Each structure stands twice: as structure tokens, then as C-alpha cells.
Amino acid sequence: MSGNTENPTGDWTTALRYIAGRKTAEESLGFLAHVSATVRDTPELADVVPAAARACVPFFASAVLLEAPAVHGEPVEHGPEQFAPALRELLGAAARDGGPRLVASSHESLVGQSDPQLLARLAELQVDSAAVLRLEFRGVPGGHLVAVRGASHRRGPFSPGDLALLGEVADRVAAFNAFAANLTGRASR
């Protein structure tokens with residue numbers, strides 16, 4: 001601390017923000033390492049997507065839906081049943097939208113970019129924020145990653161940093177899905 005005798009509270013506030021930021025960064029890196037190891041080390045192809053979904057809940061999201069058609073005919077959901085309607089509705093909205101991502105968050109940095117009607121609908125479904133990312137790896141389409149957070153989630157609504165982290169998770173699952181599609185395509189030849 002700077003030893004500022006005029007504003008010692010400001011020094012403590014700065015120190016606490018610094019510590020909280022470091023803790024969040026360390027947790028995020030640990031989470032990403034855990035997801036990477038889960039995708040890499042899960043022995044059966046059919047078990048990778050459910051394991052990746054389980055790795056995301058509850059640390060990163062209240063509930064997750066992963067759509068990976070190379071290994072699963074139906075989307076894989078993980079989280080409390082109360083979030084299932086929101087997950088399915090968001091997957092449908094993303095399919096209709098066709099864009100690479102759909103984000104609805106009450107976070108101060110994202111609320112202006114979020115559709116107010118979608119935020120209101122999510123609130124009806126007990127969801128504080130949501131993100132849908134299209135899974136695509138080197139031109140191989142691979143479904144979607146849908147993540148939602150309830151109002152009581154410890155990390156709060158999705159922030160820009162959370163979206164970057166979710167993008168990293170999506171990249172790992174998309175790469176796995178492309179690998180599995182290539183592998184199953186070779187096996188059927």
C-alpha cells in the first residue's frame with residue numbers, strides 16, 4: 001500500500017480489488033485446465049460431452065446444454081431441472097438466429113448489447129444471464145454450447161471475461177466434436 005494517510009480506506013479498497021481480480025483469474029485458469037483435461041482424458045468418446053457439461057456446473061454456470069452431433073444425437077443437459085426450459089428455448093433461438101453467438105446479460109458491460117425482450121423472458125425462466133456459442137472447428141459444424149446463470153450464481157451475470165472463458169470451453173468441445181466426426185467418418189468408410 002502507498003501509505004496514504006489521507007485515504008487509508010481507498011488503499012484497502014484497491015488492495016482488495018487487486019486480490020479479488022487475481023483470485024478470479026486463477027480460478028478461471030484452473031477451470032479451463034480442468035475442462036481441457038476432461039476433454040483430453042475421458043476414455044470413451046460418448047462420455048466426453050457429458051463430462052464437459054458436468055465440469056461447467058456449478059462453478060461456471062447454473063446449467064449447461066451441449067449439442068455435439070458427432071457423438072450425441074440429442075443435446076446433453078446438465079444442471080437443475082428448473083433451467084431446462086431456458087436452455088431449450090435459447091438453443092432454438094440460436095438456431096433461428098444463425099449467428100456465431102447469442103448473449104443476454106444484465107452485466108453493466110453487456111446489458112446495452114442484450115435484447116431487452118430476451119432478458120425479460122429469461123427473468124421469467126429464473127435466468128439472470130445466458131450465452132449461446134456455435135461450436136465450429138476448422139469448418140466442421142458442431143452444434144452449440146448454451147450456458148445460463150441464475151440470479152444466485154456466485155459469479156453474477158456473465159461478464160465479457162466470462163464470455164471469453166466460455167469461448168475457450170466452446171473451442172475445446174468444438175475441436176473434440178470435429179475430431180469425433182472425422183474419426184467416425186473414417187470408421188464408416
# chains A, B, ... in the order shown; residues from 1 in each chain; ligands from 1
$ closest_atom_pairs --of "stretch 42-158 of chain A" --to "stretch 175-179 of chain A" --cutoff "7 Å" --atoms "only C-alpha atoms" --output "Markdown table"
| residue | atom | partner | partner_atom | distance |
| --- | --- | --- | --- | --- |
| A:Ala68 | CA | A:Asn177 | CA | 6.2 |
| A:Ala70 | CA | A:Asn177 | CA | 5.8 |
| A:Phe137 | CA | A:Ala175 | CA | 5.5 |
| A:Val140 | CA | A:Ala178 | CA | 5.8 |
| A:Gly142 | CA | A:Asn177 | CA | 6.0 |
$ write_last_selection --atoms "N, CA and C atoms" --output "compact mmCIF listing (two decimals), in the first residue's frame"
# COMPACT_ATOMS: atom_id res chain seq x y z
N ALA A 68 -23.64 -31.69 -29.55
CA ALA A 68 -22.46 -32.16 -30.29
C ALA A 68 -22.88 -33.38 -31.12
N ALA A 70 -21.74 -35.13 -33.51
CA ALA A 70 -20.82 -36.19 -33.92
C ALA A 70 -20.84 -37.37 -32.95
N PHE A 137 -15.27 -25.91 -35.70
CA PHE A 137 -13.82 -26.05 -35.67
C PHE A 137 -13.32 -26.36 -37.06
N VAL A 140 -15.84 -27.48 -39.56
CA VAL A 140 -16.72 -28.59 -39.18
C VAL A 140 -17.75 -28.06 -38.19
N GLY A 142 -20.52 -28.04 -35.36
CA GLY A 142 -20.62 -28.98 -34.26
C GLY A 142 -21.69 -28.68 -33.25
$ closest_atom_pairs --of "stretch 48-98 of chain A" --to "stretch 146-169 of chain A" --cutoff "10 Å" --atoms "only C-alpha atoms" --output "JSON lines"
{"residue": "A:Ala52", "atom": "CA", "partner": "A:Val169", "partner_atom": "CA", "distance": 8.6}
{"residue": "A:Ala53", "atom": "CA", "partner": "A:Ala147", "partner_atom": "CA", "distance": 9.5}
{"residue": "A:Cys56", "atom": "CA", "partner": "A:Ala147", "partner_atom": "CA", "distance": 8.7}
{"residue": "A:Val57", "atom": "CA", "partner": "A:Ala147", "partner_atom": "CA", "distance": 9.3}
{"residue": "A:Pro58", "atom": "CA", "partner": "A:His153", "partner_atom": "CA", "distance": 8.2}
{"residue": "A:Phe59", "atom": "CA", "partner": "A:Arg154", "partner_atom": "CA", "distance": 8.3}
{"residue": "A:Phe60", "atom": "CA", "partner": "A:Arg155", "partner_atom": "CA", "distance": 7.6}
{"residue": "A:Ala61", "atom": "CA", "partner": "A:Arg149", "partner_atom": "CA", "distance": 5.2}
{"residue": "A:Ser62", "atom": "CA", "partner": "A:Arg149", "partner_atom": "CA", "distance": 4.7}
{"residue": "A:Ala63", "atom": "CA", "partner": "A:Val148", "partner_atom": "CA", "distance": 5.5}
{"residue": "A:Val64", "atom": "CA", "partner": "A:Ala147", "partner_atom": "CA", "distance": 4.5}
{"residue": "A:Leu65", "atom": "CA", "partner": "A:Val146", "partner_atom": "CA", "distance": 5.0}
{"residue": "A:Leu66", "atom": "CA", "partner": "A:Val146", "partner_atom": "CA", "distance": 6.4}
{"residue": "A:Glu67", "atom": "CA", "partner": "A:Val146", "partner_atom": "CA", "distance": 8.4}
{"residue": "A:Glu77", "atom": "CA", "partner": "A:Val146", "partner_atom": "CA", "distance": 9.2}
{"residue": "A:His78", "atom": "CA", "partner": "A:Ala147", "partner_atom": "CA", "distance": 9.8}
{"residue": "A:Gly79", "atom": "CA", "partner": "A:Val148", "partner_atom": "CA", "distance": 9.6}
{"residue": "A:Gln82", "atom": "CA", "partner": "A:Gly150", "partner_atom": "CA", "distance": 9.8}
{"residue": "A:Phe83", "atom": "CA", "partner": "A:Val148", "partner_atom": "CA", "distance": 7.7}
{"residue": "A:Ala84", "atom": "CA", "partner": "A:Val148", "partner_atom": "CA", "distance": 9.8}
{"residue": "A:Ala86", "atom": "CA", "partner": "A:Val148", "partner_atom": "CA", "distance": 7.9}
{"residue": "A:Leu87", "atom": "CA", "partner": "A:Val146", "partner_atom": "CA", "distance": 6.4}
{"residue": "A:Arg88", "atom": "CA", "partner": "A:Val146", "partner_atom": "CA", "distance": 8.7}
{"residue": "A:Leu90", "atom": "CA", "partner": "A:Val146", "partner_atom": "CA", "distance": 7.2}
{"residue": "A:Leu91", "atom": "CA", "partner": "A:Val146", "partner_atom": "CA", "distance": 6.8}
{"residue": "A:Ala94", "atom": "CA", "partner": "A:Val146", "partner_atom": "CA", "distance": 9.2}
$ write_last_selection --atoms "N, CA, C and O atoms" --output "compact mmCIF listing (two decimals), in the first residue's frame"
# COMPACT_ATOMS: atom_id res chain seq x y z
N ALA A 52 -17.80 -32.85 -20.05
CA ALA A 52 -17.53 -31.41 -20.21
C ALA A 52 -18.68 -30.58 -19.65
O ALA A 52 -18.44 -29.56 -19.00
N ALA A 53 -19.91 -31.02 -19.86
CA ALA A 53 -21.07 -30.31 -19.31
C ALA A 53 -21.02 -30.32 -17.78
O ALA A 53 -21.24 -29.29 -17.14
N CYS A 56 -18.66 -27.81 -16.14
CA CYS A 56 -19.07 -26.39 -16.16
C CYS A 56 -20.01 -26.01 -15.02
O CYS A 56 -20.13 -24.84 -14.69
N VAL A 57 -20.70 -27.00 -14.46
CA VAL A 57 -21.74 -26.72 -13.45
C VAL A 57 -21.28 -27.26 -12.11
O VAL A 57 -20.85 -28.41 -12.04
N PRO A 58 -21.33 -26.54 -11.04
CA PRO A 58 -21.88 -25.21 -10.83
C PRO A 58 -20.84 -24.09 -10.89
O PRO A 58 -21.20 -22.93 -10.77
N PHE A 59 -19.55 -24.43 -11.06
CA PHE A 59 -18.53 -23.38 -10.97
C PHE A 59 -18.78 -22.25 -11.97
O PHE A 59 -18.76 -21.08 -11.62
N PHE A 60 -19.00 -22.59 -13.22
CA PHE A 60 -19.08 -21.57 -14.24
C PHE A 60 -20.50 -21.17 -14.61
O PHE A 60 -20.75 -20.03 -14.97
N ALA A 61 -21.43 -22.09 -14.54
CA ALA A 61 -22.81 -21.81 -14.95
C ALA A 61 -23.76 -22.56 -14.03
O ALA A 61 -23.39 -23.54 -13.40
N SER A 62 -25.00 -22.08 -14.00
CA SER A 62 -26.03 -22.79 -13.23
C SER A 62 -26.48 -24.04 -13.98
O SER A 62 -26.80 -25.05 -13.36
N ALA A 63 -26.47 -23.98 -15.31
CA ALA A 63 -26.85 -25.12 -16.15
C ALA A 63 -26.22 -24.94 -17.52
O ALA A 63 -25.96 -23.82 -17.97
N VAL A 64 -25.98 -26.08 -18.19
CA VAL A 64 -25.33 -26.08 -19.50
C VAL A 64 -26.04 -27.09 -20.39
O VAL A 64 -26.48 -28.15 -19.94
N LEU A 65 -26.12 -26.74 -21.66
CA LEU A 65 -26.59 -27.66 -22.70
C LEU A 65 -25.51 -27.70 -23.76
O LEU A 65 -25.05 -26.65 -24.21
N LEU A 66 -25.08 -28.91 -24.12
CA LEU A 66 -24.09 -29.08 -25.18
C LEU A 66 -24.71 -29.91 -26.29
O LEU A 66 -25.19 -31.01 -26.05
N GLU A 67 -24.68 -29.36 -27.48
CA GLU A 67 -25.19 -30.05 -28.66
C GLU A 67 -23.96 -30.40 -29.50
O GLU A 67 -23.30 -29.52 -30.05
N GLU A 77 -27.76 -32.10 -21.43
CA GLU A 77 -28.03 -31.04 -20.46
C GLU A 77 -27.48 -31.45 -19.10
O GLU A 77 -27.54 -32.61 -18.73
N HIS A 78 -26.98 -30.45 -18.39
CA HIS A 78 -26.53 -30.70 -17.02
C HIS A 78 -26.87 -29.48 -16.17
O HIS A 78 -26.58 -28.35 -16.55
N GLY A 79 -27.50 -29.73 -15.04
CA GLY A 79 -27.88 -28.66 -14.12
C GLY A 79 -29.27 -28.93 -13.59
O GLY A 79 -29.92 -29.90 -13.98
N GLN A 82 -34.93 -26.85 -13.22
CA GLN A 82 -35.60 -25.56 -13.37
C GLN A 82 -35.05 -24.74 -14.54
O GLN A 82 -35.73 -23.87 -15.08
N PHE A 83 -33.81 -25.01 -14.97
CA PHE A 83 -33.21 -24.26 -16.06
C PHE A 83 -33.39 -24.92 -17.43
O PHE A 83 -33.04 -24.32 -18.45
N ALA A 84 -33.94 -26.12 -17.47
CA ALA A 84 -34.10 -26.84 -18.73
C ALA A 84 -34.93 -26.06 -19.76
O ALA A 84 -34.54 -26.00 -20.93
N ALA A 86 -35.24 -22.87 -20.19
CA ALA A 86 -34.43 -21.76 -20.70
C ALA A 86 -33.35 -22.28 -21.65
O ALA A 86 -33.12 -21.69 -22.72
N LEU A 87 -32.70 -23.39 -21.29
CA LEU A 87 -31.66 -23.96 -22.15
C LEU A 87 -32.24 -24.31 -23.52
O LEU A 87 -31.66 -23.96 -24.56
N ARG A 88 -33.39 -24.97 -23.54
CA ARG A 88 -34.00 -25.40 -24.81
C ARG A 88 -34.48 -24.21 -25.63
O ARG A 88 -34.35 -24.18 -26.85
N LEU A 90 -33.28 -21.16 -25.56
CA LEU A 90 -32.10 -20.47 -26.08
C LEU A 90 -31.49 -21.22 -27.26
O LEU A 90 -31.04 -20.61 -28.23
N LEU A 91 -31.47 -22.54 -27.19
CA LEU A 91 -30.96 -23.33 -28.31
C LEU A 91 -31.80 -23.08 -29.56
O LEU A 91 -31.26 -22.88 -30.65
N ALA A 94 -31.03 -19.59 -30.91
CA ALA A 94 -29.73 -19.55 -31.58
C ALA A 94 -29.83 -20.20 -32.96
O ALA A 94 -29.23 -19.70 -33.92
$ residues_around --residues "A:Val173" --least-positions-apart "5" --cutoff "8 Å" --atoms "only C-alpha atoms" --output "JSON, numbers by chain"
{"A": [39, 49, 52, 135]}
$ select_by_dssp --residues "stretch 127-165 of chain A" --states "strand (DSSP E)" --output "PyMOL selection string"
chain A and resi 129-137+140-149
$ write_last_selection --atoms "all heavy atoms" --output "short mmCIF file (atom, residue, chain, number, x, y, z; two decimals), in the first residue's frame"
data_model
loop_
_atom_site.label_atom_id
_atom_site.label_comp_id
_atom_site.auth_asym_id
_atom_site.auth_seq_id
_atom_site.Cartn_x
_atom_site.Cartn_y
_atom_site.Cartn_z
N SER A 129 -28.63 -14.44 -16.72
CA SER A 129 -27.85 -14.20 -17.94
C SER A 129 -27.66 -15.51 -18.68
O SER A 129 -27.74 -16.59 -18.09
CB SER A 129 -26.51 -13.54 -17.62
OG SER A 129 -25.72 -14.37 -16.81
N ALA A 130 -27.39 -15.39 -19.98
CA ALA A 130 -27.24 -16.58 -20.82
C ALA A 130 -26.31 -16.28 -21.98
O ALA A 130 -26.17 -15.13 -22.41
CB ALA A 130 -28.60 -17.02 -21.35
N ALA A 131 -25.68 -17.33 -22.47
CA ALA A 131 -24.84 -17.22 -23.66
C ALA A 131 -24.97 -18.50 -24.46
O ALA A 131 -25.03 -19.60 -23.89
CB ALA A 131 -23.38 -17.00 -23.27
N VAL A 132 -25.03 -18.34 -25.77
CA VAL A 132 -25.06 -19.47 -26.68
C VAL A 132 -23.95 -19.25 -27.69
O VAL A 132 -23.89 -18.19 -28.32
CB VAL A 132 -26.41 -19.59 -27.43
CG1 VAL A 132 -26.43 -20.83 -28.31
CG2 VAL A 132 -27.58 -19.58 -26.46
N LEU A 133 -23.06 -20.22 -27.81
CA LEU A 133 -21.98 -20.13 -28.78
C LEU A 133 -22.07 -21.30 -29.76
O LEU A 133 -22.31 -22.45 -29.34
CB LEU A 133 -20.61 -20.18 -28.09
CG LEU A 133 -20.18 -18.88 -27.42
CD1 LEU A 133 -20.89 -18.70 -26.09
CD2 LEU A 133 -18.70 -18.87 -27.23
N ARG A 134 -21.93 -20.98 -31.03
CA ARG A 134 -21.93 -22.04 -32.05
C ARG A 134 -20.58 -22.76 -31.98
O ARG A 134 -19.52 -22.12 -31.88
CB ARG A 134 -22.15 -21.43 -33.43
CG ARG A 134 -22.30 -22.48 -34.51
CD ARG A 134 -22.69 -21.92 -35.84
NE ARG A 134 -21.74 -20.89 -36.24
CZ ARG A 134 -22.05 -19.88 -37.03
NH1 ARG A 134 -23.27 -19.72 -37.47
NH2 ARG A 134 -21.14 -19.00 -37.36
N LEU A 135 -20.63 -24.07 -32.01
CA LEU A 135 -19.41 -24.87 -32.00
C LEU A 135 -19.01 -25.16 -33.44
O LEU A 135 -19.73 -25.83 -34.17
CB LEU A 135 -19.65 -26.19 -31.25
CG LEU A 135 -20.13 -26.09 -29.81
CD1 LEU A 135 -20.31 -27.49 -29.22
CD2 LEU A 135 -19.18 -25.28 -28.97
N GLU A 136 -17.88 -24.62 -33.82
CA GLU A 136 -17.37 -24.86 -35.17
C GLU A 136 -15.86 -24.89 -35.09
O GLU A 136 -15.24 -24.02 -34.46
CB GLU A 136 -17.83 -23.76 -36.12
CG GLU A 136 -17.51 -24.07 -37.55
CD GLU A 136 -18.23 -23.15 -38.51
OE1 GLU A 136 -19.43 -22.91 -38.34
OE2 GLU A 136 -17.55 -22.66 -39.43
N PHE A 137 -15.27 -25.91 -35.70
CA PHE A 137 -13.82 -26.05 -35.67
C PHE A 137 -13.32 -26.36 -37.06
O PHE A 137 -13.70 -27.39 -37.64
CB PHE A 137 -13.41 -27.15 -34.69
CG PHE A 137 -11.93 -27.31 -34.53
CD1 PHE A 137 -11.20 -26.42 -33.76
CD2 PHE A 137 -11.26 -28.34 -35.17
CE1 PHE A 137 -9.83 -26.56 -33.61
CE2 PHE A 137 -9.89 -28.49 -35.02
CZ PHE A 137 -9.17 -27.60 -34.24
N VAL A 140 -15.84 -27.48 -39.56
CA VAL A 140 -16.72 -28.59 -39.18
C VAL A 140 -17.75 -28.06 -38.19
O VAL A 140 -17.39 -27.69 -37.07
CB VAL A 140 -15.93 -29.76 -38.55
CG1 VAL A 140 -16.89 -30.88 -38.12
CG2 VAL A 140 -14.88 -30.29 -39.52
N PRO A 141 -19.03 -27.99 -38.61
CA PRO A 141 -20.04 -27.51 -37.67
C PRO A 141 -20.25 -28.54 -36.57
O PRO A 141 -20.15 -29.74 -36.81
CB PRO A 141 -21.30 -27.36 -38.53
CG PRO A 141 -21.07 -28.27 -39.70
CD PRO A 141 -19.59 -28.36 -39.89
N GLY A 142 -20.52 -28.04 -35.36
CA GLY A 142 -20.62 -28.98 -34.26
C GLY A 142 -21.69 -28.68 -33.25
O GLY A 142 -21.57 -29.06 -32.10
N GLY A 143 -22.74 -27.97 -33.60
CA GLY A 143 -23.80 -27.72 -32.65
C GLY A 143 -23.58 -26.43 -31.87
O GLY A 143 -23.02 -25.47 -32.38
N HIS A 144 -24.01 -26.45 -30.59
CA HIS A 144 -23.98 -25.25 -29.76
C HIS A 144 -23.61 -25.57 -28.32
O HIS A 144 -23.85 -26.68 -27.85
CB HIS A 144 -25.36 -24.57 -29.75
CG HIS A 144 -25.75 -24.02 -31.07
ND1 HIS A 144 -26.41 -24.77 -32.02
CD2 HIS A 144 -25.58 -22.78 -31.60
CE1 HIS A 144 -26.63 -24.02 -33.09
NE2 HIS A 144 -26.14 -22.82 -32.86
N LEU A 145 -23.09 -24.56 -27.65
CA LEU A 145 -22.89 -24.59 -26.21
C LEU A 145 -23.80 -23.51 -25.64
O LEU A 145 -23.69 -22.34 -26.01
CB LEU A 145 -21.43 -24.29 -25.85
CG LEU A 145 -21.11 -23.96 -24.40
CD1 LEU A 145 -21.52 -25.09 -23.46
CD2 LEU A 145 -19.63 -23.66 -24.24
N VAL A 146 -24.73 -23.91 -24.76
CA VAL A 146 -25.65 -22.98 -24.12
C VAL A 146 -25.34 -22.99 -22.63
O VAL A 146 -25.28 -24.06 -22.02
CB VAL A 146 -27.12 -23.41 -24.33
CG1 VAL A 146 -28.08 -22.39 -23.71
CG2 VAL A 146 -27.43 -23.63 -25.81
N ALA A 147 -25.13 -21.83 -22.06
CA ALA A 147 -24.86 -21.72 -20.62
C ALA A 147 -25.77 -20.65 -20.03
O ALA A 147 -25.97 -19.59 -20.65
CB ALA A 147 -23.40 -21.35 -20.38
N VAL A 148 -26.33 -20.95 -18.86
CA VAL A 148 -27.19 -19.98 -18.17
C VAL A 148 -26.73 -19.85 -16.72
O VAL A 148 -26.17 -20.78 -16.14
CB VAL A 148 -28.69 -20.37 -18.21
CG1 VAL A 148 -29.19 -20.41 -19.64
CG2 VAL A 148 -28.95 -21.68 -17.51
N ARG A 149 -27.00 -18.67 -16.17
CA ARG A 149 -26.75 -18.42 -14.75
C ARG A 149 -28.03 -17.89 -14.12
O ARG A 149 -28.65 -16.98 -14.64
CB ARG A 149 -25.64 -17.39 -14.54
CG ARG A 149 -24.27 -17.94 -14.78
CD ARG A 149 -23.21 -16.94 -14.37
NE ARG A 149 -21.88 -17.47 -14.65
CZ ARG A 149 -20.81 -16.71 -14.74
NH1 ARG A 149 -20.90 -15.41 -14.55
NH2 ARG A 149 -19.64 -17.25 -14.99
#
$ atom_distance --atom1 "atom CA of A:Leu110" --atom2 "atom CA of A:Gly10"
27.3 Å
